[in-house]
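One structure is given below, encoded as C-alpha cells.
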Amino acid sequence: MLERAQRGLAFPEAAIQIVREDIVNLAHSTDSFASVIRLLNLLYRLSLVKDAKELSSSSFIDAEESIEDDRIRLIKDYVAKHYMHDIHLKELADMVCMSAESFSRFFRHRTGRTPNRYIIDYRLGIAARLLLQTKLAVSEIGFSCGFNTLSHFN
C-alpha cells in the first residue's frame with residue numbers, strides 16, 4: 001500500500017467510515033507511544049482495502065523522478081569534476097534552469113543537504129582520502145581540494 005501511495009490513493013467511502021474513528025482518536029491522542037501504535041493499526045487496516053484507486057499512473061511518477069534524478073546527477077557530476085575550483089550556487093542553478101532559491105530547496109529536498117554542504121562534504125571526502133593515501137602537506141591537500149584558506153579547511 002505504501003508503494004502505491006506514492007501515486008496517491010483514494011479510498012472508497014466504506015473504508016473511510018471504518019477508519020474514521022481511528023483517525024479522530026489519533027488526532028486527539030496525547031500519548032506518543034499509543035499514537036504510533038494507533039497509526040500503525042490505521043495503516044494496517046487501510047492496507048487491507050483492496051479497491052483503493054491510484055490517483056496517478058506510475059509512468060507519471062517515474063517520469064517526474066527521472067527528470068529530478070537527471071538534474072541531481074548533473075550537479076553531482078559537475079561537482080566531482082570541478083570541486084577544486086570555486087562553485088557558486090547561481091552557477092549550479094543555471095545549469096538546471098532554476099532560480100538559486102528554487103534550486104537550493106530542490107537540491108536539499110532530494111539529497112537532504114544544501115548544495116553548499118554537499119560541496120563541502122565532497123571536498124572533505126577527497127581530502128580525507130588524500131590525507132590517508134599520500135604524504136602531501138595538509139595545506140597542500142586543503143588548497144587542492146578547493147578550500148581557499150587553511151582555516152576553512154581546518
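Ordering of the C-alpha cells sets the chain letters (A, B, ...); residue numbers start at 1 within each chain; ligands are numbered from 1 in the order shown.
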
Among the residues of chain A, find those DSSP assigns to helix (DSSP H, G or I) from the backbone and print them as a PyMOL selection string. chain A and resi 2-5+13-28+32-47+58-82+89-95+100-111+115-133+138-144+150-153

Could you pull the residues within 12 Å of Glu13 of chain A, counting only C-alpha atoms, minus those fewer than 2 positions along the same chain, as a list of chain:residue names?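 Residues meeting the cut-off are A:Ala10, A:Phe11, A:Ala15, A:Ile16, A:Gln17, A:Ile18, A:Val19, A:Arg20, A:Val49, A:Asp51, A:Ala52, A:Lys53.
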
Any chance you can output those residues with N, CA and C atoms as a compact mmCIF listing (two decimals), in the first residue's frame?
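Output file result-v3.txt is given in full below:
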# COMPACT_ATOMS: atom_id res chain seq x y z
N ALA A 10 -7.12 6.94 -3.35
CA ALA A 10 -8.47 7.34 -2.99
C ALA A 10 -9.18 6.10 -2.46
N PHE A 11 -9.56 6.15 -1.19
CA PHE A 11 -10.23 5.00 -0.58
C PHE A 11 -11.73 5.13 -0.74
N ALA A 15 -14.55 2.26 3.35
CA ALA A 15 -13.28 2.13 4.07
C ALA A 15 -13.04 3.34 4.96
N ILE A 16 -13.39 4.51 4.46
CA ILE A 16 -13.21 5.74 5.24
C ILE A 16 -14.07 5.69 6.50
N GLN A 17 -15.30 5.21 6.36
CA GLN A 17 -16.20 5.12 7.52
C GLN A 17 -15.63 4.16 8.58
N ILE A 18 -14.99 3.08 8.13
CA ILE A 18 -14.42 2.10 9.06
C ILE A 18 -13.29 2.70 9.89
N VAL A 19 -12.46 3.53 9.28
CA VAL A 19 -11.28 4.06 9.98
C VAL A 19 -11.48 5.48 10.51
N ARG A 20 -12.65 6.06 10.29
CA ARG A 20 -12.90 7.45 10.72
C ARG A 20 -12.64 7.63 12.21
N VAL A 49 -7.62 -2.78 2.44
CA VAL A 49 -8.63 -2.32 1.47
C VAL A 49 -8.11 -2.59 0.07
N ASP A 51 -9.87 -2.16 -2.90
CA ASP A 51 -10.40 -1.37 -4.00
C ASP A 51 -10.03 0.12 -3.90
N ALA A 52 -8.91 0.42 -3.28
CA ALA A 52 -8.40 1.80 -3.29
C ALA A 52 -7.89 2.10 -4.69
N LYS A 53 -8.19 3.29 -5.17
CA LYS A 53 -7.81 3.66 -6.54
C LYS A 53 -6.59 4.59 -6.51

All residues 10 Å or closer to segment 122-137 of chain A, only C-alpha atoms, same chain fewer than 4 positions away omitted, as a PyMOL selection string: chain A and resi 76+79-80+83-84+116-118+141-147+153

Using atom CA of Pro12 of chain A and atom CA of Glu54 of chain A as the two end points, give the distance in Å to one decimal.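 Computing the Euclidean distance for atom CA of Pro12 of chain A and atom CA of Glu54 of chain A yields 11.5 Å.
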
Between atom CA of Ser47 of chain A and atom CA of Ala5 of chain A lies a distance of 10.2 Å

So that I can see what lies close to Glu91 of chain A, please list as an MDAnalysis selection string the residues with an atom at most 10 Å from it, counting only C-alpha atoms and leaving out residues fewer than 6 positions away in the same chain. chainID A and resid 97 99:100

What's the separation between atom CA of Asp86 of chain A and atom CA of Asp69 of chain A, in Å to one decimal place?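 Rounded to one decimal, the two atoms are 23.9 Å apart.
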
List the neighbours of Val96 of chain A out to 10 Å using only C-alpha atoms; skip same-chain residues closer than 6 positions along the sequence, and give me the result as a list in words.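 Surrounding residues, per the criterion: Glu68, Asp70, Arg71, Ile72, Leu74, Ile75 and Phe103 of chain A.
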
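Closest approach to Leu43 of chain A among A:Val24, A:Leu2, A:Ala14, A:Ala93 is made by A:Leu2 (distances from only C-alpha atoms).
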
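Distances here use only C-alpha atoms; by that measure, the residue among A:His28, A:Arg4, A:Arg105, A:Lys90 closest to Leu55 of chain A is A:Arg4.
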
For Ser102 of chain A: contacts at 12 Å, only C-alpha atoms, fewer than 4 positions along chain excluded, given as a PyMOL selection string: chain A and resi 89-90+92-94+96-98+106-109+114-115
